[in-house]
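Novice: Dropping in input-v5.cif, which is mmCIF, C-alpha atoms:
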data_start
#
loop_
_atom_site.label_atom_id
_atom_site.label_comp_id
_atom_site.auth_asym_id
_atom_site.auth_seq_id
_atom_site.Cartn_x
_atom_site.Cartn_y
_atom_site.Cartn_z
CA MET R 1 -4.72 -31.52 -54.70
CA THR R 2 -4.74 -28.92 -52.03
CA SER R 3 -7.42 -26.31 -52.57
CA VAL R 4 -6.61 -22.64 -52.73
CA ALA R 5 -8.89 -22.04 -49.76
CA ASN R 6 -6.77 -24.26 -47.55
CA LEU R 7 -3.71 -22.19 -48.36
CA GLN R 8 -5.24 -19.01 -46.93
CA PRO R 9 -3.72 -18.27 -43.51
CA GLU R 10 -5.98 -18.15 -40.49
CA PRO R 11 -6.65 -14.58 -39.36
CA ALA R 12 -4.54 -13.62 -36.37
CA PRO R 13 -6.55 -13.81 -33.16
CA ILE R 14 -7.24 -10.54 -31.37
CA LEU R 15 -5.36 -10.79 -28.06
CA ALA R 16 -5.99 -7.26 -26.84
CA CYS R 17 -7.92 -4.11 -27.61
CA THR R 18 -7.62 -0.44 -26.85
CA ILE R 19 -10.89 1.18 -25.80
CA SER R 20 -11.14 4.95 -25.99
CA ARG R 21 -13.16 7.89 -27.24
CA ASP R 22 -10.51 8.43 -29.96
CA VAL R 23 -7.35 6.35 -29.95
CA GLN R 24 -5.58 9.01 -32.04
CA ASN R 25 -5.43 11.09 -28.84
CA PHE R 26 -3.13 8.38 -27.46
CA ASP R 27 -0.53 8.01 -30.21
CA LEU R 28 2.10 6.70 -27.80
CA LEU R 29 -0.30 3.95 -26.78
CA ILE R 30 -0.69 2.92 -30.44
CA GLU R 31 3.08 2.66 -30.85
CA ASP R 32 3.49 0.58 -27.70
CA MET R 33 0.60 -1.75 -28.58
CA GLU R 34 2.13 -2.41 -32.01
CA GLN R 35 5.49 -3.05 -30.42
CA GLU R 36 4.04 -5.51 -27.90
CA LEU R 37 1.41 -7.29 -30.02
CA GLY R 38 2.15 -6.63 -33.68
CA GLU R 39 -1.09 -7.25 -35.60
CA ASN R 40 -2.83 -9.09 -32.78
CA TRP R 41 -4.71 -6.15 -31.35
CA GLY R 42 -7.61 -3.93 -32.25
CA ASP R 43 -9.17 -0.59 -31.42
CA LEU R 44 -12.68 -0.05 -30.07
CA SER R 45 -14.72 3.03 -29.26
CA PHE R 46 -16.73 3.29 -26.07
CA GLU R 47 -19.88 2.70 -28.14
CA ASP R 48 -18.61 -0.55 -29.70
CA ALA R 49 -16.77 -2.07 -26.74
CA THR R 50 -19.71 -3.72 -24.96
CA LEU R 51 -21.03 -5.20 -28.21
CA PHE R 52 -17.62 -6.61 -29.13
CA PHE R 53 -17.45 -8.59 -25.88
CA GLU R 54 -20.47 -10.57 -27.15
CA GLN R 55 -18.70 -11.55 -30.41
CA PRO R 56 -16.76 -14.81 -30.92
CA ASP R 57 -13.61 -12.80 -31.71
CA ALA R 58 -13.56 -11.65 -28.09
CA ALA R 59 -12.95 -15.19 -26.82
CA ALA R 60 -9.18 -14.87 -27.24
CA LEU R 61 -8.91 -11.49 -25.51
CA GLN R 62 -6.24 -11.40 -22.82
CA PHE R 63 -6.62 -7.78 -21.80
CA VAL R 64 -8.05 -4.43 -22.82
CA ALA R 65 -6.39 -1.04 -22.39
CA VAL R 66 -9.05 1.51 -21.44
CA ALA R 67 -7.67 4.98 -22.26
CA VAL R 68 -9.38 8.02 -20.75
CA ASP R 69 -8.60 11.71 -20.38
CA ASN R 70 -10.21 14.63 -18.59
CA GLU R 71 -12.86 15.02 -21.31
CA ASP R 72 -14.14 11.52 -20.55
CA GLU R 73 -15.05 12.28 -16.92
CA ALA R 74 -18.58 13.20 -17.99
CA ASP R 75 -18.91 9.68 -19.42
CA LEU R 76 -17.72 7.72 -16.38
CA THR R 77 -20.92 5.65 -16.15
CA ARG R 78 -20.43 4.10 -19.59
CA ILE R 79 -16.71 3.55 -18.98
CA SER R 80 -17.52 1.91 -15.66
CA ASP R 81 -19.95 -0.43 -17.41
CA ILE R 82 -17.25 -1.42 -19.91
CA ILE R 83 -14.83 -2.31 -17.11
CA ARG R 84 -17.52 -4.36 -15.34
CA VAL R 85 -18.36 -6.32 -18.52
CA ALA R 86 -14.67 -7.02 -19.15
CA LYS R 87 -14.14 -8.27 -15.61
CA ASP R 88 -17.26 -10.44 -15.82
CA ARG R 89 -15.75 -12.18 -18.85
CA GLY R 90 -12.38 -12.71 -17.22
CA VAL R 91 -10.60 -10.09 -19.35
CA ARG R 92 -7.86 -8.14 -17.60
CA VAL R 93 -8.15 -4.33 -17.65
CA ILE R 94 -5.25 -1.86 -17.88
CA LEU R 95 -6.32 1.72 -17.24
CA ILE R 96 -4.49 4.44 -19.19
CA ALA R 97 -5.25 7.87 -17.68
CA ASP R 98 -4.30 11.32 -18.95
CA GLN R 99 -5.02 14.27 -16.60
CA VAL R 100 -7.95 12.51 -14.92
CA SER R 101 -9.08 13.89 -11.55
CA PRO R 102 -8.16 11.87 -8.43
CA ALA R 103 -11.82 11.13 -7.66
CA ALA R 104 -12.53 9.77 -11.15
CA LEU R 105 -9.32 7.72 -11.17
CA HIS R 106 -10.12 6.22 -7.78
CA GLN R 107 -13.64 5.34 -8.91
CA LEU R 108 -12.39 3.50 -12.00
CA LEU R 109 -9.71 1.63 -10.07
CA ARG R 110 -12.26 0.52 -7.48
CA LEU R 111 -14.26 -1.20 -10.23
CA GLY R 112 -11.47 -3.73 -10.61
CA ALA R 113 -8.93 -2.41 -13.11
CA ASP R 114 -5.95 -4.73 -12.83
CA ASP R 115 -3.30 -2.12 -13.50
CA PHE R 116 -2.86 1.61 -14.07
CA VAL R 117 -0.42 3.48 -16.30
CA PRO R 118 -0.29 7.28 -16.56
CA TYR R 119 -0.22 8.99 -19.94
CA PRO R 120 2.12 9.99 -21.59
CA LEU R 121 3.38 6.44 -21.15
CA PRO R 122 6.77 6.13 -19.40
CA ASN R 123 9.28 3.96 -21.22
CA GLY R 124 8.47 0.29 -20.72
CA ALA R 125 5.45 1.02 -18.49
CA LEU R 126 2.90 -0.65 -20.80
CA HIS R 127 5.15 -3.70 -21.26
CA GLU R 128 5.46 -4.10 -17.49
CA ALA R 129 1.70 -3.71 -17.03
CA ILE R 130 1.00 -6.34 -19.70
CA GLU R 131 3.45 -8.76 -18.07
CA ARG R 132 1.71 -8.28 -14.74
CA THR R 133 -1.71 -8.98 -16.26
CA ARG R 134 -0.42 -12.18 -17.84
CA LYS R 135 0.63 -13.59 -14.50
CA PRO R 136 -2.01 -15.93 -13.03
CA ALA R 137 -4.01 -14.34 -10.28
CA GLU R 138 -3.02 -15.44 -6.81
CA PRO R 139 -5.72 -17.46 -5.07
CA GLN R 140 -7.55 -15.41 -2.48
CA PRO R 141 -7.43 -16.80 1.04
CA VAL R 142 -10.69 -18.02 2.43
CA PRO R 143 -11.74 -15.53 5.08
CA ALA R 144 -12.19 -16.83 8.58
CA PRO R 145 -15.75 -16.80 9.85
CA ASP R 146 -16.62 -13.40 11.27
CA ASN R 147 -17.96 -13.83 14.76
CA THR R 148 -18.04 -10.12 15.53
CA LEU R 149 -21.21 -8.13 15.69
CA PRO R 150 -22.30 -6.47 12.43
CA GLU R 151 -20.67 -3.13 11.77
CA ALA R 152 -24.06 -1.40 11.50
CA ILE R 153 -24.53 -1.44 15.27
CA HIS R 154 -21.47 0.81 15.64
CA THR R 155 -23.09 3.68 13.79
CA PRO R 156 -24.69 6.48 15.86
CA ALA R 157 -28.00 5.44 17.37
CA PHE R 158 -29.62 8.88 17.40
CA LYS R 159 -31.49 10.45 14.49
CA ALA R 160 -30.28 13.55 12.70
CA LYS R 161 -32.43 16.46 13.86
CA GLY R 162 -30.16 19.41 13.21
CA ASP R 163 -30.94 20.78 16.66
CA ARG R 164 -27.35 21.57 17.74
CA ASP R 165 -24.81 24.29 17.09
CA GLY R 166 -21.53 22.56 17.80
CA VAL R 167 -18.29 24.12 18.95
CA LEU R 168 -15.64 23.59 16.26
CA LEU R 169 -12.19 22.60 17.59
CA PRO R 170 -9.62 21.79 14.88
CA VAL R 171 -6.22 20.38 15.90
CA HIS R 172 -3.22 21.08 13.65
CA GLY R 173 0.26 19.70 14.17
CA LEU R 174 2.89 22.26 13.19
CA ALA R 175 5.53 19.55 12.66
CA GLY R 176 5.60 15.80 12.28
CA GLY R 177 5.35 13.75 15.45
CA VAL R 178 4.19 16.55 17.77
CA GLY R 179 1.23 14.44 18.93
CA ALA R 180 -1.66 16.23 17.23
CA SER R 181 -3.70 13.08 16.50
CA THR R 182 -3.14 11.78 20.04
CA PHE R 183 -4.27 15.14 21.43
CA ALA R 184 -7.34 15.24 19.15
CA ALA R 185 -8.48 11.70 20.00
CA ASN R 186 -8.05 12.15 23.75
CA LEU R 187 -9.54 15.65 23.82
CA ALA R 188 -12.64 14.34 22.04
CA TRP R 189 -12.91 11.42 24.49
CA GLU R 190 -12.54 13.67 27.52
CA LEU R 191 -15.20 16.04 26.14
CA ALA R 192 -17.55 13.09 25.60
CA ASN R 193 -17.10 12.23 29.30
CA ALA R 194 -17.07 15.79 30.67
CA GLU R 195 -20.40 15.22 32.41
CA LYS R 196 -21.64 11.81 33.49
CA SER R 197 -25.33 12.54 33.91
CA ASN R 198 -25.87 14.52 30.70
CA PRO R 199 -22.78 14.07 28.51
CA PRO R 200 -22.38 16.29 25.45
CA ARG R 201 -22.62 14.80 22.01
CA VAL R 202 -19.09 14.81 20.57
CA CYS R 203 -17.89 14.17 17.03
CA LEU R 204 -14.28 13.48 16.00
CA ILE R 205 -13.47 13.97 12.29
CA ASP R 206 -10.20 12.80 10.74
CA LEU R 207 -9.47 15.02 7.73
CA ASP R 208 -5.94 13.73 7.22
CA LEU R 209 -6.98 11.82 4.10
CA GLN R 210 -3.56 10.28 3.57
CA PHE R 211 -2.08 9.38 6.94
CA GLY R 212 -5.04 9.76 9.30
CA SER R 213 -4.51 7.60 12.39
CA ILE R 214 -7.63 8.28 14.46
CA SER R 215 -9.10 4.90 13.46
CA THR R 216 -5.90 3.22 14.67
CA TYR R 217 -5.85 5.09 17.98
CA LEU R 218 -9.47 4.09 18.65
CA ASP R 219 -9.34 0.63 17.01
CA LEU R 220 -12.09 1.41 14.52
CA PRO R 221 -12.40 0.05 10.96
CA ARG R 222 -12.14 2.39 7.99
CA ARG R 223 -15.38 2.30 6.06
CA GLU R 224 -15.96 2.69 2.33
CA ALA R 225 -18.93 4.91 3.16
CA VAL R 226 -16.49 7.64 4.19
CA PHE R 227 -14.98 7.88 0.71
CA GLU R 228 -18.40 7.71 -0.94
CA LEU R 229 -19.60 10.64 1.12
CA LEU R 230 -16.46 12.73 0.59
CA GLN R 231 -16.55 12.39 -3.18
CA ASP R 232 -20.18 13.54 -3.36
CA THR R 233 -20.88 15.90 -0.46
CA GLU R 234 -23.26 17.90 -2.63
CA HIS R 235 -25.84 15.13 -2.38
CA ALA R 236 -25.02 14.09 1.20
CA ASP R 237 -27.29 14.86 4.12
CA SER R 238 -27.04 14.50 7.88
CA ASP R 239 -28.45 10.98 7.76
CA SER R 240 -25.79 9.74 5.33
CA PHE R 241 -23.15 11.59 7.36
CA LEU R 242 -24.16 9.75 10.52
CA GLN R 243 -24.32 6.42 8.70
CA ALA R 244 -20.70 6.88 7.59
CA MET R 245 -19.61 7.32 11.22
CA LEU R 246 -18.73 4.84 13.94
CA THR R 247 -19.09 5.09 17.69
CA PHE R 248 -16.41 4.36 20.23
CA ASN R 249 -17.63 2.86 23.53
CA ASP R 250 -21.13 4.27 22.85
CA ARG R 251 -19.90 7.78 23.68
CA LEU R 252 -17.66 9.21 20.99
CA HIS R 253 -18.78 9.45 17.35
CA VAL R 254 -15.97 9.18 14.82
CA PHE R 255 -15.71 10.02 11.11
CA THR R 256 -12.51 8.18 10.20
CA ALA R 257 -10.13 8.86 7.32
CA PRO R 258 -10.85 6.83 4.15
CA ALA R 259 -9.44 3.34 3.76
CA ASP R 260 -7.17 4.32 0.87
CA MET R 261 -4.50 7.01 0.74
CA LEU R 262 -6.16 9.84 -1.18
CA PRO R 263 -4.95 13.21 -2.46
CA LEU R 264 -5.82 16.09 -0.15
CA ASP R 265 -7.48 17.94 -3.04
CA LEU R 266 -10.08 15.20 -3.33
CA ILE R 267 -12.27 17.60 -1.36
CA GLY R 268 -12.51 21.35 -1.73
CA PRO R 269 -13.65 24.25 0.47
CA ASP R 270 -17.32 23.71 -0.40
CA ASP R 271 -17.11 20.01 0.48
CA VAL R 272 -15.50 20.75 3.84
CA SER R 273 -18.03 23.50 4.54
CA ARG R 274 -20.92 21.08 3.97
CA LEU R 275 -19.25 18.48 6.18
CA LEU R 276 -18.76 20.96 9.02
CA THR R 277 -22.33 22.22 8.71
CA MET R 278 -23.70 18.70 9.10
CA ALA R 279 -21.40 18.00 12.04
CA GLN R 280 -22.18 21.20 13.91
CA ALA R 281 -25.91 20.76 13.37
CA ASN R 282 -25.89 17.38 15.13
CA PHE R 283 -23.14 17.59 17.77
CA ASP R 284 -22.23 19.81 20.71
CA PHE R 285 -18.48 19.57 20.06
CA VAL R 286 -16.72 18.83 16.77
CA VAL R 287 -13.00 17.98 17.06
CA ILE R 288 -11.10 17.84 13.76
CA ASP R 289 -7.74 16.19 13.23
CA MET R 290 -6.21 18.30 10.44
CA PRO R 291 -3.41 17.30 8.04
CA LYS R 292 -0.07 19.01 8.62
CA THR R 293 -0.17 20.31 5.05
CA ILE R 294 -1.89 23.64 4.39
CA VAL R 295 -4.47 23.02 1.65
CA SER R 296 -7.19 24.99 -0.11
CA TRP R 297 -9.77 24.14 2.55
CA THR R 298 -7.62 24.94 5.59
CA GLU R 299 -8.99 28.49 5.38
CA THR R 300 -12.54 27.10 5.52
CA VAL R 301 -11.85 25.29 8.78
CA LEU R 302 -9.90 28.18 10.29
CA THR R 303 -12.56 30.80 9.62
CA ARG R 304 -15.29 28.61 11.13
CA ALA R 305 -13.29 27.38 14.12
CA HIS R 306 -14.09 28.57 17.62
CA VAL R 307 -10.59 27.58 18.77
CA TYR R 308 -7.89 26.35 16.39
CA PHE R 309 -5.32 24.33 18.35
CA ALA R 310 -1.79 24.50 16.91
CA LEU R 311 0.46 21.85 18.47
CA MET R 312 4.20 22.37 18.67
CA GLU R 313 7.27 21.23 20.58
CA LEU R 314 10.18 23.04 22.15
CA ASP R 315 12.44 22.80 19.10
CA LEU R 316 13.64 24.87 16.17
CA ARG R 317 11.49 23.18 13.50
CA SER R 318 8.28 24.05 15.39
CA ALA R 319 9.45 27.63 15.86
CA GLN R 320 10.23 28.03 12.17
CA ASN R 321 6.90 26.51 11.15
CA VAL R 322 5.03 28.89 13.47
CA LEU R 323 6.71 31.82 11.69
CA ARG R 324 5.84 30.40 8.27
CA LEU R 325 2.23 29.74 9.20
CA VAL R 326 1.58 33.13 10.79
CA ARG R 327 3.27 34.90 7.88
CA ALA R 328 1.11 33.00 5.37
CA LEU R 329 -2.11 33.71 7.30
CA LYS R 330 -1.32 37.41 7.62
CA ALA R 331 -0.52 37.66 3.92
CA GLU R 332 -4.01 36.36 3.11
CA ASN R 333 -5.71 38.42 5.84
CA LEU R 334 -6.88 35.26 7.56
CA PRO R 335 -7.80 35.17 11.27
CA HIS R 336 -4.44 34.06 12.70
CA GLU R 337 -5.58 35.23 16.12
CA ARG R 338 -7.79 32.13 16.37
CA LEU R 339 -4.70 29.98 16.73
CA ARG R 340 -4.18 28.66 20.26
CA TYR R 341 -0.68 27.33 20.67
CA VAL R 342 -0.26 24.08 22.59
CA LEU R 343 3.22 23.02 23.66
CA ASN R 344 3.40 19.23 23.82
CA ARG R 345 6.05 17.40 25.83
CA ALA R 346 6.56 20.56 27.84
CA PRO R 347 9.33 20.64 30.47
CA ARG R 348 8.58 19.70 34.04
CA PHE R 349 7.85 22.38 36.59
CA THR R 350 11.20 21.83 38.27
CA ASP R 351 13.17 22.22 35.01
CA LEU R 352 13.80 25.95 35.33
CA THR R 353 16.23 26.12 32.41
CA ALA R 354 13.70 24.62 29.98
CA LYS R 355 10.97 26.84 31.42
CA SER R 356 13.01 29.91 30.53
CA ARG R 357 13.50 28.50 27.01
CA VAL R 358 9.72 28.23 26.62
CA LYS R 359 9.34 31.86 27.68
CA ARG R 360 12.04 33.08 25.29
CA MET R 361 10.54 31.04 22.46
CA ALA R 362 7.10 32.58 22.96
CA GLU R 363 8.54 36.09 23.14
CA SER R 364 10.68 35.67 20.03
CA LEU R 365 7.72 34.30 18.05
CA ASP R 366 5.36 36.94 19.50
CA ILE R 367 2.82 34.28 20.49
CA ALA R 368 1.20 33.10 23.69
CA ILE R 369 1.63 29.43 24.56
CA GLU R 370 -1.63 28.95 26.42
CA VAL R 371 -1.51 25.21 27.04
CA GLN R 372 1.50 23.15 28.08
CA LEU R 373 1.12 19.39 27.99
CA PRO R 374 3.57 17.17 29.89
CA ASP R 375 5.28 14.19 28.30
CA GLY R 376 3.07 11.17 28.91
CA GLY R 377 5.91 8.73 28.23
CA ALA R 378 5.56 5.15 27.04
CA GLN R 379 1.99 4.86 28.38
CA VAL R 380 0.77 7.13 25.57
CA THR R 381 2.31 4.94 22.86
CA GLN R 382 0.91 1.84 24.52
CA ALA R 383 -2.58 3.35 24.66
CA ASN R 384 -2.42 4.29 20.97
CA ASP R 385 -1.18 0.84 19.99
CA HIS R 386 -4.04 -0.77 21.92
CA GLY R 387 -6.60 1.50 20.27
CA LEU R 388 -7.75 3.11 23.52
CA PRO R 389 -7.77 6.63 24.98
CA ILE R 390 -5.18 7.24 27.68
CA ALA R 391 -8.00 7.52 30.24
CA GLU R 392 -8.86 3.87 29.63
CA THR R 393 -5.34 2.51 30.12
CA ALA R 394 -3.53 5.02 32.35
CA ALA R 395 -6.02 7.35 34.01
CA LYS R 396 -3.38 8.91 36.25
CA ASN R 397 -1.01 9.73 33.41
CA PRO R 398 0.01 13.43 33.63
CA LEU R 399 -0.80 14.05 29.96
CA ARG R 400 -4.26 12.59 30.41
CA LYS R 401 -4.88 14.81 33.44
CA GLU R 402 -3.98 17.98 31.53
CA ILE R 403 -6.15 17.06 28.54
CA ALA R 404 -9.05 16.25 30.89
CA LYS R 405 -8.57 19.62 32.59
CA LEU R 406 -8.66 21.41 29.23
CA ALA R 407 -11.76 19.49 28.11
CA LYS R 408 -13.56 20.37 31.35
CA SER R 409 -12.78 24.07 30.90
CA LEU R 410 -14.06 23.99 27.30
CA PHE R 411 -17.22 22.23 28.43
CA ASP R 412 -17.83 24.70 31.26
CA VAL R 413 -17.30 27.74 29.01
CA ASN R 414 -19.70 26.37 26.41
CA LYS R 415 -22.28 25.50 29.06
CA ALA R 416 -22.07 29.02 30.50
CA ALA R 417 -22.47 30.49 27.00
CA GLU R 418 -25.53 28.37 26.36
CA ALA R 419 -27.03 29.41 29.69
CA ALA R 420 -26.45 33.09 28.82
CA ARG R 421 -28.20 32.68 25.47
CA SER R 422 -31.24 30.94 26.97
#
As C-alpha cells, how would this structure be written, given the file I've shared?

Specialist:
Amino acid sequence: MTSVANLQPEPAPILACTISRDVQNFDLLIEDMEQELGENWGDLSFEDATLFFEQPDAAALQFVAVAVDNEDEADLTRISDIIRVAKDRGVRVILIADQVSPAALHQLLRLGADDFVPYPLPNGALHEAIERTRKPAEPQPVPAPDNTLPEAIHTPAFKAKGDRDGVLLPVHGLAGGVGASTFAANLAWELANAEKSNPPRVCLIDLDLQFGSISTYLDLPRREAVFELLQDTEHADSDSFLQAMLTFNDRLHVFTAPADMLPLDLIGPDDVSRLLTMAQANFDFVVIDMPKTIVSWTETVLTRAHVYFALMELDLRSAQNVLRLVRALKAENLPHERLRYVLNRAPRFTDLTAKSRVKRMAESLDIAIEVQLPDGGAQVTQANDHGLPIAETAAKNPLRKEIAKLAKSLFDVNKAAEAARS
C-alpha cells in the first residue's frame, strides 16, 4: 500500500530569486517573475542573499534579479559582494536599475552582471533578458601570447612634484568633423618638440568621454585606471593621475578617454577642476580635447583656460554654432573673449573668392579668425589611421607646418612670460 508520505508532491525547485532592499518597491518585477516562473522563484533581501547561496536550495538557481534604486547607492559594497558570490557559483545575474547614477550602474556592470534592464520594466524586457541568460556562454578565445613590453613602462617616468604651472589649452570643435581631435593631438606633439635641448613637459587630456579618439590617433591603449580615477577624483592625487597616463614616444604624456562609452555627466565641475589642478601642477602645457557638447563642466575649463581654441570650417553650420555658443556664454556672463577661433581647411592663398568669404563670415559673426589651417588632405587621415602625428608621417604637410608654427609661438610667448616673472 502506498504511504501517504509518498503521495506528497516534491516542492518546486527555486530556479530564480529577486534580491532587493524591498521587492514591494518593484511591483512590476514581481508580476513579470510570476509570469515567467510561476511558483519557481523566491525573494531575498540583501541581508539574506549571501547566506542563501550556501543552502542546498540554491543548487538549482539559474539566475538572480538584483533590483536596486537610487537609495541603494550607499550600499554598493554589499550589493557588489552579492554579485561576486553569485558569479562564483555560476549563477547568472540580471541587474534591474531604477534611477541609479551612471557611475554606480557602471560599477555594478563591471562586476560581471550578465544583463541589465531599466525599471520600470519595458514590455517583454525581463523575458528577453532571461532568455539571454539561459543561452550557454560562448567559449572565450584563448589569447595569443603577449610579446609586447608591459604597459607599466609607458607611464610617465618622472615623479609628481607639483613644481609647474601649466598653460591650459582646450580645443573645442564647433561642429562634427572639423578636425578638433586631430588639431589637439598634433598641437600637443609639436609643443612637446618645440625645443630639442630642453623640451617642455606636455600633457594631452581627452575629455570626450564617449567618442574620444586621441588614443586612436596616437595608437595608445585605453586603460581601466582612467575610469577609476574619474569616478573618484576626490581621493586622487598627482601620483595616481600620472599612473593613469601613458607616454607617446617618450615625449608626450596622454590621459586617454575611458575604454567604455560613458555619460558626460559622470564627472562634474569639481572633478574637472581637480583634474586640471593636478595636470597644471606637473606639466608646462596642458592640451584638452573637449567634447562638442556643452556640459556642466565646460564653464570650469573655459574660466581656467589661457587660450580656448574653437575650431570651425567655412560653412553655415559652423557659423550658426558660433552664434549659439557666443549667445549662451554671454547669457551666463562667461568669458567668451577667451575663445580663439581656428578655421580648419581654410582656402588657399590664391583662392581670392573663398578668402573674401572668410572675411565676410568673420565680420557677420563679429569674431576674429586668428588662425587659418590649410587642408592637409589624405595624409592627415593616413597619419590618424596609423596612430602617428602628422610630423612623423608627412613632415612637409602644409597643415603640419601651420600647427608647428602655432606651437612654436605659444612656446615662445610662455618662455618670455616665465623669463619676465623670474

Novice: Of the candidates R:Ile30, R:Ser238, R:Arg89, R:Gly177, which shows the shortest atom-to-atom distance to Arg317 (chain R), using all atoms listed in the file?

Specialist: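 Once distances to Arg317 (chain R) are computed over all atoms listed in the file, the minimum belongs to R:Gly177.
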
Novice: List as a PDB file with C-alpha atoms, in the frame of the given file the protein and nucleic acid residues near region 346-357 of chain R, meaning an atom at most 10 Å away when all atoms listed in the file are counted, but skip any in the same chain fewer than 2 places from it.

Specialist:
ATOM      1  CA  MET R 312       4.200  22.370  18.670  1.00  0.00           C
ATOM      2  CA  GLU R 313       7.270  21.230  20.580  1.00  0.00           C
ATOM      3  CA  LEU R 314      10.180  23.040  22.150  1.00  0.00           C
ATOM      4  CA  ASP R 315      12.440  22.800  19.100  1.00  0.00           C
ATOM      5  CA  VAL R 342      -0.260  24.080  22.590  1.00  0.00           C
ATOM      6  CA  LEU R 343       3.220  23.020  23.660  1.00  0.00           C
ATOM      7  CA  ASN R 344       3.400  19.230  23.820  1.00  0.00           C
ATOM      8  CA  LYS R 359       9.340  31.860  27.680  1.00  0.00           C
ATOM      9  CA  ARG R 360      12.040  33.080  25.290  1.00  0.00           C
ATOM     10  CA  MET R 361      10.540  31.040  22.460  1.00  0.00           C
ATOM     11  CA  ALA R 362       7.100  32.580  22.960  1.00  0.00           C
ATOM     12  CA  GLU R 363       8.540  36.090  23.140  1.00  0.00           C
ATOM     13  CA  VAL R 371      -1.510  25.210  27.040  1.00  0.00           C
ATOM     14  CA  GLN R 372       1.500  23.150  28.080  1.00  0.00           C
ATOM     15  CA  LEU R 373       1.120  19.390  27.990  1.00  0.00           C
ATOM     16  CA  PRO R 374       3.570  17.170  29.890  1.00  0.00           C
ATOM     17  CA  ASP R 375       5.280  14.190  28.300  1.00  0.00           C
TER      18      ASP R 375
END

Novice: Just to confirm, what's the straight-line distance from CA of Phe227 (chain R) to CA of Leu242 (chain R) in Å (one decimal)?

Specialist: 13.6 Å

Novice: What is the CA of Pro335 (chain R) to CA of Ser318 (chain R) distance in Å?

Specialist: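 We find that CA of Pro335 (chain R) and CA of Ser318 (chain R) lie 20.0 Å from each other.
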
Novice: When the PyMOL selection byres ((chain R and resi 398-406) around 10) is applied to the structure above, which residues does it catch, written out as a PyMOL selection string?

Specialist: chain R and resi 183-184+186-191+193-194+344-345+371-377+379-380+389-392+394-397+407-412

Novice: Which distance in Å separates CA of Phe255 (chain R) and CA of Ile205 (chain R), to one decimal?

Specialist: 4.7 Å

Novice: Near Phe309 (chain R), within 12 Å and counting all atoms listed in the file, which residues show up once chain neighbours fewer than 3 positions away are dropped, as number ranges by chain?

Specialist: R: 168-174, 179-181, 183-184, 187, 287-290, 301-302, 305-306, 312, 336-344, 369-372, 406

Novice: Using only C-alpha atoms, can you list as a PDB file with C-alpha atoms, keeping the file's coordinate frame the residues within 6 Å of (-23.5, 19.3, 3.4)?

Specialist:
ATOM      1  CA  THR R 233     -20.880  15.900  -0.460  1.00  0.00           C
ATOM      2  CA  ALA R 236     -25.020  14.090   1.200  1.00  0.00           C
ATOM      3  CA  ASP R 237     -27.290  14.860   4.120  1.00  0.00           C
ATOM      4  CA  ARG R 274     -20.920  21.080   3.970  1.00  0.00           C
ATOM      5  CA  LEU R 275     -19.250  18.480   6.180  1.00  0.00           C
ATOM      6  CA  MET R 278     -23.700  18.700   9.100  1.00  0.00           C
TER       7      MET R 278
END

Novice: May I have a table of the residues of region 79-184 of chain R lying at most 10 Å from region 64-72 of chain R, giving each one's closest pair of atoms and their distance in Å to one decimal, counting only C-alpha atoms, ordered by chain and ascending residue number, as JSON lines?

Specialist:
{"residue": "R:Ile79", "atom": "CA", "partner": "R:Val66", "partner_atom": "CA", "distance": 8.3}
{"residue": "R:Ile82", "atom": "CA", "partner": "R:Val66", "partner_atom": "CA", "distance": 8.8}
{"residue": "R:Ile83", "atom": "CA", "partner": "R:Val66", "partner_atom": "CA", "distance": 8.2}
{"residue": "R:Ala86", "atom": "CA", "partner": "R:Val64", "partner_atom": "CA", "distance": 8.0}
{"residue": "R:Val91", "atom": "CA", "partner": "R:Val64", "partner_atom": "CA", "distance": 7.1}
{"residue": "R:Arg92", "atom": "CA", "partner": "R:Val64", "partner_atom": "CA", "distance": 6.4}
{"residue": "R:Val93", "atom": "CA", "partner": "R:Val64", "partner_atom": "CA", "distance": 5.2}
{"residue": "R:Ile94", "atom": "CA", "partner": "R:Ala65", "partner_atom": "CA", "distance": 4.7}
{"residue": "R:Leu95", "atom": "CA", "partner": "R:Val66", "partner_atom": "CA", "distance": 5.0}
{"residue": "R:Ile96", "atom": "CA", "partner": "R:Ala67", "partner_atom": "CA", "distance": 4.5}
{"residue": "R:Ala97", "atom": "CA", "partner": "R:Val68", "partner_atom": "CA", "distance": 5.1}
{"residue": "R:Asp98", "atom": "CA", "partner": "R:Asp69", "partner_atom": "CA", "distance": 4.5}
{"residue": "R:Gln99", "atom": "CA", "partner": "R:Asn70", "partner_atom": "CA", "distance": 5.6}
{"residue": "R:Val100", "atom": "CA", "partner": "R:Asn70", "partner_atom": "CA", "distance": 4.8}
{"residue": "R:Ser101", "atom": "CA", "partner": "R:Asn70", "partner_atom": "CA", "distance": 7.2}
{"residue": "R:Ala104", "atom": "CA", "partner": "R:Asn70", "partner_atom": "CA", "distance": 9.2}
{"residue": "R:Leu105", "atom": "CA", "partner": "R:Val68", "partner_atom": "CA", "distance": 9.6}
{"residue": "R:Ala113", "atom": "CA", "partner": "R:Val66", "partner_atom": "CA", "distance": 9.2}
{"residue": "R:Asp115", "atom": "CA", "partner": "R:Ala65", "partner_atom": "CA", "distance": 9.5}
{"residue": "R:Phe116", "atom": "CA", "partner": "R:Ala65", "partner_atom": "CA", "distance": 9.4}
{"residue": "R:Val117", "atom": "CA", "partner": "R:Ala67", "partner_atom": "CA", "distance": 9.5}
{"residue": "R:Pro118", "atom": "CA", "partner": "R:Ala67", "partner_atom": "CA", "distance": 9.6}
{"residue": "R:Tyr119", "atom": "CA", "partner": "R:Ala67", "partner_atom": "CA", "distance": 8.8}
{"residue": "R:Leu126", "atom": "CA", "partner": "R:Ala65", "partner_atom": "CA", "distance": 9.4}
{"residue": "R:Ile130", "atom": "CA", "partner": "R:Ala65", "partner_atom": "CA", "distance": 9.5}

Novice: Starting from 3 Å padding per side, set up an axis-aligned box that covers all listed atoms of region 363-371 of chain R and hand over centre and edge lengths in Å, one decimal, as AutoDock Vina command-line options.

Specialist:
--center_x 4.5 --center_y 31.1 --center_z 22.5 --size_x 18.3 --size_y 17.7 --size_z 15.0
